[in-house]
Amino acid sequence: MTTAPSTRRRDAPTMAGMRILSRAVLAVALLLPTGVAGVSGAAGAEPEFPAGDTGYSTYPEMVAEVARAAADHPAIVQRFSIGKSHQGRDLWAVKISDDVATDEAEPEVLFDGLHHGDEHMSLEMTLAILRWLTDGYDAGDGTIRNLVDTREIWIVFAVNPDGATYDIAGSGTYRNWRKNRQPTSGSSSIGTDLNRNYPYRWGCCGGSSATPSSSRFRGRSALSAPETRAMTDFVRSRVVGGRQQIRAAISFHTTGRLVMYPYGYTLTNTPRDMTRDDRAVFVEMARRMAATNGYRAIQASDLYVSSGTSRDWLYGTYRTFAFTIELSPDRTPFPADERIPSETGRNRTAVLDLIALAGCPFDVIGKGPARCGAFDDDLEVARGWKRDAQGTDTATGGRWQRADPAATSAAGPKQPGTTPSGIRSLVTGAAAGASPGANDLDGGTTSVTSPAIVLPTAAGQRLTLRYVFAHSAASGPSDWFRVEVLDAGGTPTTVLHVPGAARDRDAAWASLSTSLDAWAGQTIRLRLSARDGGAGNLVEAAVDDVRITRP
């Protein structure tokens with residue numbers, strides 16, 4: 001269990017959508033017959049797998065096993081539902097951690113299965129992870145105990161229980177049903193491909209269909225399916241203090257024995273919405289997993305282009321290192337049930353390695369010290385910065401924003417059109433406008449403040465960042481760019497002050513590296529400020545790659 005202050009995070013019972021069951025309720029649930037509303041979430045008897053494949057888990061069997069695990073391991077397992085399927089089945093999930101009722105400042109990992117109804121091995125994979133962690137913890141397995149004690153692990157077992165139930169309801173045969181069971185408005189067709197229904201690049205680039213009868217129908221709109229809305233709502237609930245806590249994830253599918261990383265929507269290896277460092281981490285993590293399970297590591301689009309997937313959404317929106325693992329060697333999604341133990345078991349090392357690496361994925365490319373300190377923000381996604389947090393800003397234009405800046409020039413470059421990494425930075429007025437001064441900083445001071453940062457007690461931590469401060473020859477010392485450290489009481493200490501001068505200063509990325517030893521063990525915030533203090537001058541500022549190095 002981490003020693004970081006628990007006040008940084010919310011208590012688990014208050015999380016949106018979480019319904020933690022008591023042991024007494026779980027015990028009652030185990031005694032209820034399958035098919036009873038409230039256990040399966042859908043009335044009526046549920047079908048069984050075809051003869052010869054009864055080793056696979058039906059929805060009621062999964063419900064019972066998950067409930068039993070929570071009842072048998074109450075110290076480390078909490079069961080909850082993230083929502084309901086179209087037909088009313090609960091989308092059951094668990095949290096696994098040593099202090100499971102407390103939301104701790106620990107790295108988080110997400111596993112899910114059964115996005116597609118006919119991919120039953122993926123449910124077996126999530127159940128296997130549940131057994132490994134609970135049985136291993138009880139048995140005193142050192143590796144398992146260390147992971148459970150230092151991580152918060154989430155498992156969503158069956159994202160598409162309606163589709164999976166329908167798939168095996170074919171009078172002893174499979175129906176080969178991939179989608180959910182939601183009717184499509186304006187059509188007689190049933191079902192949406194849940195793994196084409198996520199909002200990042202939804203419907204953008206091929207790999208999905210607008211035709212309701214297609215097995216890859218993406219829905220009338222992103223998040224049109226209740227199951228994908230439940231998944232995204234749950235993931236969004238893990239944004240704490242403006243930062244997504246889920247650092248790594250695997251969505252299990254079949255078939256092909258592949259470890260796939262983003263993106264699926266494009267054939268480009270490193271598109272503008274991915275940094276070079278992140279690409280390197282994905283490639284190395286996938287290679288490591290493939291080396292242990294015997295699968296093949298590929299970019300998702302190397303199999304085929306796919307847009308609107310959970311994997312692309314998790315990375316594109318939150319920078320979660322999200323993978324898709326395609327299980328099973330068979331061309332059919334229905335490998336014989338005797339293959340369940342060997343196919344899930346071959347992924348044990350890969351799963352445990354991913355949980356371990358969630359603490360610092362950048363370790364795999366040798367950049368852990370620089371990228372895995374108390375704070376790391378490349379500004380590519382929203383991570384909790386607040387503009388004018390103290391309510392004292394006076395700027396009338398060109399205030400800080402996180403954006404892709406356009407290049408401007410006046411007697412030389414004044415706003416760079418590129419960033420040190422990725423495509424976004426904090427910038428004073430990102431748009432170029434009709435003239436170089438159209439969107440520059442005007443009328444006073446603009447500030448932006450980081451979320452709270454808990455610094456370890458060790459010495460040797462450094463604040464590093466890249467910055468631009470540019471101005472016209474009409475500038476003077478009343479114009480400036482400033483970086484401050486705010487202590488827990490809000491008292492500022494300036495660690496960088498760059499004044500203006502009566503000369504033209506062109507835009508160029510500069511670097512700051514300064515010791516934070518004076519604040520070791522404290523909770524701080526960072527404040528970035530820029531000021532236009534004179535009339536008729538042109539002032540621009542930008543910041544990128546704000547990091548606190550690991551001691």
# chains A, B, ... in the order shown; residues from 1 in each chain; ligands from 1

$ residues_around --residues "Arg525 (chain A)" --least-positions-apart "3" --cutoff "7 Å" --atoms "only C-alpha atoms" --output "list of chain:residue names"
A:Thr449, A:Ser450, A:Pro451, A:Ala452, A:Ile453, A:Val485, A:Leu486, A:Asp487

$ select_by_dssp --residues "region 42-226 of chain A" --states "helix (DSSP H, G or I)" --output "number ranges by chain"
A: 59-72, 120-139, 142-150, 161-167, 194-196, 226

$ write_last_selection --atoms "N, CA and C atoms" --output "short mmCIF file (atom, residue, chain, number, x, y, z; two decimals), in the first residue's frame"
data_model
loop_
_atom_site.label_atom_id
_atom_site.label_comp_id
_atom_site.auth_asym_id
_atom_site.auth_seq_id
_atom_site.Cartn_x
_atom_site.Cartn_y
_atom_site.Cartn_z
N TYR A 59 -23.50 -15.98 -18.75
CA TYR A 59 -23.62 -14.75 -17.94
C TYR A 59 -23.94 -15.06 -16.48
N PRO A 60 -24.96 -15.91 -16.19
CA PRO A 60 -25.23 -16.20 -14.77
C PRO A 60 -24.05 -16.87 -14.07
N GLU A 61 -23.32 -17.72 -14.76
CA GLU A 61 -22.15 -18.34 -14.14
C GLU A 61 -21.07 -17.31 -13.84
N MET A 62 -20.88 -16.38 -14.74
CA MET A 62 -19.93 -15.29 -14.47
C MET A 62 -20.38 -14.48 -13.27
N VAL A 63 -21.68 -14.12 -13.22
CA VAL A 63 -22.19 -13.34 -12.10
C VAL A 63 -21.92 -14.05 -10.78
N ALA A 64 -22.18 -15.35 -10.74
CA ALA A 64 -21.98 -16.11 -9.52
C ALA A 64 -20.51 -16.17 -9.13
N GLU A 65 -19.62 -16.38 -10.10
CA GLU A 65 -18.20 -16.47 -9.78
C GLU A 65 -17.66 -15.14 -9.26
N VAL A 66 -18.05 -14.05 -9.89
CA VAL A 66 -17.57 -12.74 -9.45
C VAL A 66 -18.11 -12.41 -8.06
N ALA A 67 -19.39 -12.72 -7.83
CA ALA A 67 -19.96 -12.49 -6.51
C ALA A 67 -19.26 -13.33 -5.45
N ARG A 68 -18.96 -14.57 -5.79
CA ARG A 68 -18.28 -15.45 -4.85
C ARG A 68 -16.88 -14.93 -4.52
N ALA A 69 -16.17 -14.43 -5.52
CA ALA A 69 -14.83 -13.89 -5.29
C ALA A 69 -14.88 -12.70 -4.34
N ALA A 70 -15.87 -11.82 -4.53
CA ALA A 70 -16.00 -10.66 -3.66
C ALA A 70 -16.37 -11.08 -2.24
N ALA A 71 -17.21 -12.11 -2.11
CA ALA A 71 -17.58 -12.59 -0.78
C ALA A 71 -16.42 -13.28 -0.08
N ASP A 72 -15.63 -14.01 -0.85
CA ASP A 72 -14.51 -14.78 -0.26
C ASP A 72 -13.29 -13.92 0.02
N HIS A 120 -16.14 -15.41 -26.75
CA HIS A 120 -16.34 -15.90 -25.39
C HIS A 120 -15.04 -16.13 -24.63
N MET A 121 -13.95 -16.41 -25.34
CA MET A 121 -12.67 -16.60 -24.66
C MET A 121 -12.25 -15.33 -23.92
N SER A 122 -12.69 -14.18 -24.39
CA SER A 122 -12.29 -12.93 -23.73
C SER A 122 -12.89 -12.82 -22.34
N LEU A 123 -14.10 -13.36 -22.13
CA LEU A 123 -14.67 -13.40 -20.78
C LEU A 123 -13.85 -14.33 -19.89
N GLU A 124 -13.45 -15.47 -20.45
CA GLU A 124 -12.63 -16.40 -19.66
C GLU A 124 -11.31 -15.75 -19.25
N MET A 125 -10.80 -14.87 -20.07
CA MET A 125 -9.54 -14.20 -19.76
C MET A 125 -9.71 -13.27 -18.56
N THR A 126 -10.80 -12.52 -18.52
CA THR A 126 -11.00 -11.61 -17.39
C THR A 126 -11.24 -12.40 -16.10
N LEU A 127 -11.96 -13.52 -16.20
CA LEU A 127 -12.16 -14.36 -15.01
C LEU A 127 -10.86 -14.98 -14.54
N ALA A 128 -9.99 -15.33 -15.49
CA ALA A 128 -8.69 -15.89 -15.10
C ALA A 128 -7.87 -14.87 -14.33
N ILE A 129 -7.89 -13.61 -14.76
CA ILE A 129 -7.14 -12.56 -14.04
C ILE A 129 -7.68 -12.42 -12.62
N LEU A 130 -8.99 -12.46 -12.47
CA LEU A 130 -9.60 -12.41 -11.14
C LEU A 130 -9.06 -13.54 -10.26
N ARG A 131 -9.00 -14.76 -10.80
CA ARG A 131 -8.53 -15.90 -10.01
C ARG A 131 -7.05 -15.77 -9.69
N TRP A 132 -6.24 -15.36 -10.66
CA TRP A 132 -4.80 -15.22 -10.40
C TRP A 132 -4.54 -14.27 -9.24
N LEU A 133 -5.23 -13.14 -9.25
CA LEU A 133 -4.95 -12.12 -8.25
C LEU A 133 -5.48 -12.52 -6.87
N THR A 134 -6.69 -13.07 -6.82
CA THR A 134 -7.24 -13.43 -5.52
C THR A 134 -6.57 -14.67 -4.94
N ASP A 135 -6.44 -15.72 -5.75
CA ASP A 135 -5.81 -16.94 -5.24
C ASP A 135 -4.34 -16.71 -4.92
N GLY A 136 -3.65 -15.95 -5.78
CA GLY A 136 -2.24 -15.68 -5.54
C GLY A 136 -2.02 -14.85 -4.29
N TYR A 137 -2.91 -13.90 -4.05
CA TYR A 137 -2.79 -13.07 -2.84
C TYR A 137 -2.96 -13.92 -1.59
N ASP A 138 -3.97 -14.78 -1.61
CA ASP A 138 -4.22 -15.64 -0.46
C ASP A 138 -3.08 -16.62 -0.23
N ALA A 139 -2.46 -17.08 -1.33
CA ALA A 139 -1.39 -18.06 -1.23
C ALA A 139 -0.05 -17.43 -0.84
N GLY A 142 4.54 -13.63 -3.74
CA GLY A 142 5.17 -12.32 -3.53
C GLY A 142 4.89 -11.34 -4.64
N THR A 143 4.94 -11.80 -5.89
CA THR A 143 4.68 -10.91 -7.02
C THR A 143 3.25 -10.39 -6.99
N ILE A 144 2.29 -11.30 -6.78
CA ILE A 144 0.89 -10.90 -6.75
C ILE A 144 0.62 -9.95 -5.59
N ARG A 145 1.13 -10.27 -4.44
CA ARG A 145 0.87 -9.41 -3.28
C ARG A 145 1.45 -8.01 -3.49
N ASN A 146 2.62 -7.92 -4.07
CA ASN A 146 3.20 -6.61 -4.32
C ASN A 146 2.36 -5.80 -5.31
N LEU A 147 1.85 -6.45 -6.35
CA LEU A 147 1.03 -5.73 -7.33
C LEU A 147 -0.29 -5.28 -6.73
N VAL A 148 -0.95 -6.15 -5.99
CA VAL A 148 -2.23 -5.79 -5.39
C VAL A 148 -2.04 -4.71 -4.33
N ASP A 149 -0.92 -4.74 -3.62
CA ASP A 149 -0.66 -3.76 -2.57
C ASP A 149 -0.31 -2.38 -3.11
N THR A 150 0.14 -2.30 -4.36
CA THR A 150 0.63 -1.02 -4.89
C THR A 150 -0.14 -0.53 -6.12
N PRO A 161 -23.00 -8.38 -22.51
CA PRO A 161 -23.65 -9.62 -22.09
C PRO A 161 -24.86 -9.99 -22.93
N ASP A 162 -25.58 -8.99 -23.45
CA ASP A 162 -26.74 -9.31 -24.29
C ASP A 162 -26.32 -10.05 -25.56
N GLY A 163 -25.29 -9.52 -26.21
CA GLY A 163 -24.82 -10.16 -27.44
C GLY A 163 -24.29 -11.56 -27.20
N ALA A 164 -23.55 -11.72 -26.08
CA ALA A 164 -23.00 -13.04 -25.77
C ALA A 164 -24.11 -14.04 -25.47
N THR A 165 -25.15 -13.61 -24.75
CA THR A 165 -26.27 -14.49 -24.44
C THR A 165 -27.03 -14.88 -25.71
N TYR A 166 -27.25 -13.90 -26.57
CA TYR A 166 -27.94 -14.18 -27.83
C TYR A 166 -27.12 -15.12 -28.71
N ASP A 167 -25.82 -14.99 -28.66
CA ASP A 167 -24.95 -15.79 -29.52
C ASP A 167 -25.10 -17.28 -29.23
N LEU A 194 -20.01 -2.53 -30.49
CA LEU A 194 -19.60 -1.66 -29.39
C LEU A 194 -18.18 -1.15 -29.56
N ASN A 195 -17.34 -1.93 -30.21
CA ASN A 195 -15.95 -1.48 -30.38
C ASN A 195 -15.76 -0.66 -31.65
N ARG A 196 -16.83 -0.09 -32.13
CA ARG A 196 -16.78 0.96 -33.15
C ARG A 196 -17.60 2.17 -32.72
N PRO A 226 -25.81 1.87 -24.81
CA PRO A 226 -25.71 2.04 -23.35
C PRO A 226 -24.46 1.41 -22.77
#

$ select_by_dssp --residues "region 160-240 of chain A" --states "strand (DSSP E or B)" --output "MDAnalysis selection string"
chainID A and resid 183 190 209 217 239:240

$ write_last_selection --atoms "N, CA and C atoms" --output "PDB file, in the first residue's frame"
ATOM      1  N   PRO A 183     -32.016  -2.162 -30.764  1.00  0.00           N
ATOM      2  CA  PRO A 183     -32.590  -1.814 -32.074  1.00  0.00           C
ATOM      3  C   PRO A 183     -32.013  -0.501 -32.593  1.00  0.00           C
ATOM      4  N   ILE A 190     -30.828  -4.958 -35.885  1.00  0.00           N
ATOM      5  CA  ILE A 190     -30.546  -4.976 -34.452  1.00  0.00           C
ATOM      6  C   ILE A 190     -29.040  -4.902 -34.247  1.00  0.00           C
ATOM      7  N   SER A 209     -18.916   0.726 -40.167  1.00  0.00           N
ATOM      8  CA  SER A 209     -19.953   0.868 -41.188  1.00  0.00           C
ATOM      9  C   SER A 209     -21.096   1.737 -40.679  1.00  0.00           C
ATOM     10  N   PHE A 217     -21.439  -2.190 -37.678  1.00  0.00           N
ATOM     11  CA  PHE A 217     -22.227  -0.959 -37.591  1.00  0.00           C
ATOM     12  C   PHE A 217     -21.790  -0.151 -36.379  1.00  0.00           C
ATOM     13  N   VAL A 239     -10.993  10.087 -13.445  1.00  0.00           N
ATOM     14  CA  VAL A 239     -10.263  11.352 -13.538  1.00  0.00           C
ATOM     15  C   VAL A 239     -10.340  12.008 -12.168  1.00  0.00           C
ATOM     16  N   VAL A 240      -9.215  12.102 -11.491  1.00  0.00           N
ATOM     17  CA  VAL A 240      -9.145  12.643 -10.137  1.00  0.00           C
ATOM     18  C   VAL A 240      -8.177  13.823 -10.149  1.00  0.00           C
TER      19      VAL A 240
END

$ closest_residue --among "A:Leu538, A:Leu441, A:Ile155, A:Ala507" --to "Phe111 (chain A)" --atoms "only C-alpha atoms"
A:Ile155

$ atom_distance --atom1 "CA of Pro492 (chain A)" --atom2 "CA of Val454 (chain A)"
16.3 Å

$ closest_atom_pairs --of "region 68-120 of chain A" --to "region 287-310 of chain A" --cutoff "12 Å" --atoms "only C-alpha atoms" --output "JSON lines"
{"residue": "A:Leu110", "atom": "CA", "partner": "A:Ser310", "partner_atom": "CA", "distance": 11.6}
{"residue": "A:Phe111", "atom": "CA", "partner": "A:Ser310", "partner_atom": "CA", "distance": 11.4}
{"residue": "A:Asp112", "atom": "CA", "partner": "A:Ser310", "partner_atom": "CA", "distance": 10.1}
{"residue": "A:Gly113", "atom": "CA", "partner": "A:Ser310", "partner_atom": "CA", "distance": 11.4}
{"residue": "A:His115", "atom": "CA", "partner": "A:Ser310", "partner_atom": "CA", "distance": 9.3}
{"residue": "A:His116", "atom": "CA", "partner": "A:Thr309", "partner_atom": "CA", "distance": 11.8}

$ write_last_selection --atoms "C-alpha atoms" --output "compact mmCIF listing (two decimals), in the first residue's frame"
# COMPACT_ATOMS: atom_id res chain seq x y z
CA LEU A 110 -8.11 -1.65 -16.49
CA PHE A 111 -8.97 -5.00 -18.10
CA ASP A 112 -12.15 -5.76 -20.01
CA GLY A 113 -13.65 -8.59 -22.02
CA HIS A 115 -17.00 -6.29 -26.26
CA HIS A 116 -18.10 -8.65 -29.03

$ closest_atom_pairs --of "region 262-295 of chain A" --to "region 356-365 of chain A" --cutoff "10 Å" --atoms "only C-alpha atoms" --output "JSON lines"
{"residue": "A:Asp277", "atom": "CA", "partner": "A:Phe362", "partner_atom": "CA", "distance": 8.0}
{"residue": "A:Asp278", "atom": "CA", "partner": "A:Phe362", "partner_atom": "CA", "distance": 8.1}
{"residue": "A:Ala280", "atom": "CA", "partner": "A:Ile365", "partner_atom": "CA", "distance": 6.9}
{"residue": "A:Val281", "atom": "CA", "partner": "A:Phe362", "partner_atom": "CA", "distance": 6.2}
{"residue": "A:Phe282", "atom": "CA", "partner": "A:Pro361", "partner_atom": "CA", "distance": 8.8}
{"residue": "A:Val283", "atom": "CA", "partner": "A:Ile365", "partner_atom": "CA", "distance": 9.7}
{"residue": "A:Glu284", "atom": "CA", "partner": "A:Val364", "partner_atom": "CA", "distance": 6.5}
{"residue": "A:Met285", "atom": "CA", "partner": "A:Val364", "partner_atom": "CA", "distance": 7.0}
{"residue": "A:Arg288", "atom": "CA", "partner": "A:Val364", "partner_atom": "CA", "distance": 9.2}

$ residues_around --residues "Ala520 (chain A)" --least-positions-apart "3" --cutoff "6 Å" --atoms "only C-alpha atoms" --output "PyMOL selection string"
chain A and resi 455-457+517

$ write_last_selection --atoms "N, CA and C atoms" --output "PDB file, in the first residue's frame"
ATOM      1  N   LEU A 455       4.792  16.030  -3.655  1.00  0.00           N
ATOM      2  CA  LEU A 455       6.204  15.726  -3.879  1.00  0.00           C
ATOM      3  C   LEU A 455       6.684  14.681  -2.877  1.00  0.00           C
ATOM      4  N   PRO A 456       7.439  13.683  -3.323  1.00  0.00           N
ATOM      5  CA  PRO A 456       8.086  12.764  -2.381  1.00  0.00           C
ATOM      6  C   PRO A 456       9.045  13.521  -1.472  1.00  0.00           C
ATOM      7  N   THR A 457       9.455  12.864  -0.412  1.00  0.00           N
ATOM      8  CA  THR A 457      10.343  13.508   0.552  1.00  0.00           C
ATOM      9  C   THR A 457      11.804  13.513   0.107  1.00  0.00           C
ATOM     10  N   ASP A 517      14.116  20.929  -4.191  1.00  0.00           N
ATOM     11  CA  ASP A 517      14.470  20.396  -2.875  1.00  0.00           C
ATOM     12  C   ASP A 517      13.823  21.187  -1.739  1.00  0.00           C
TER      13      ASP A 517
END

$ residues_around --residues "region 317-326 of chain A" --least-positions-apart "6" --cutoff "6 Å" --atoms "only C-alpha atoms" --output "PyMOL selection string"
chain A and resi 247-261+311

$ atom_distance --atom1 "CA of Gly417 (chain A)" --atom2 "CA of Trp509 (chain A)"
11.2 Å
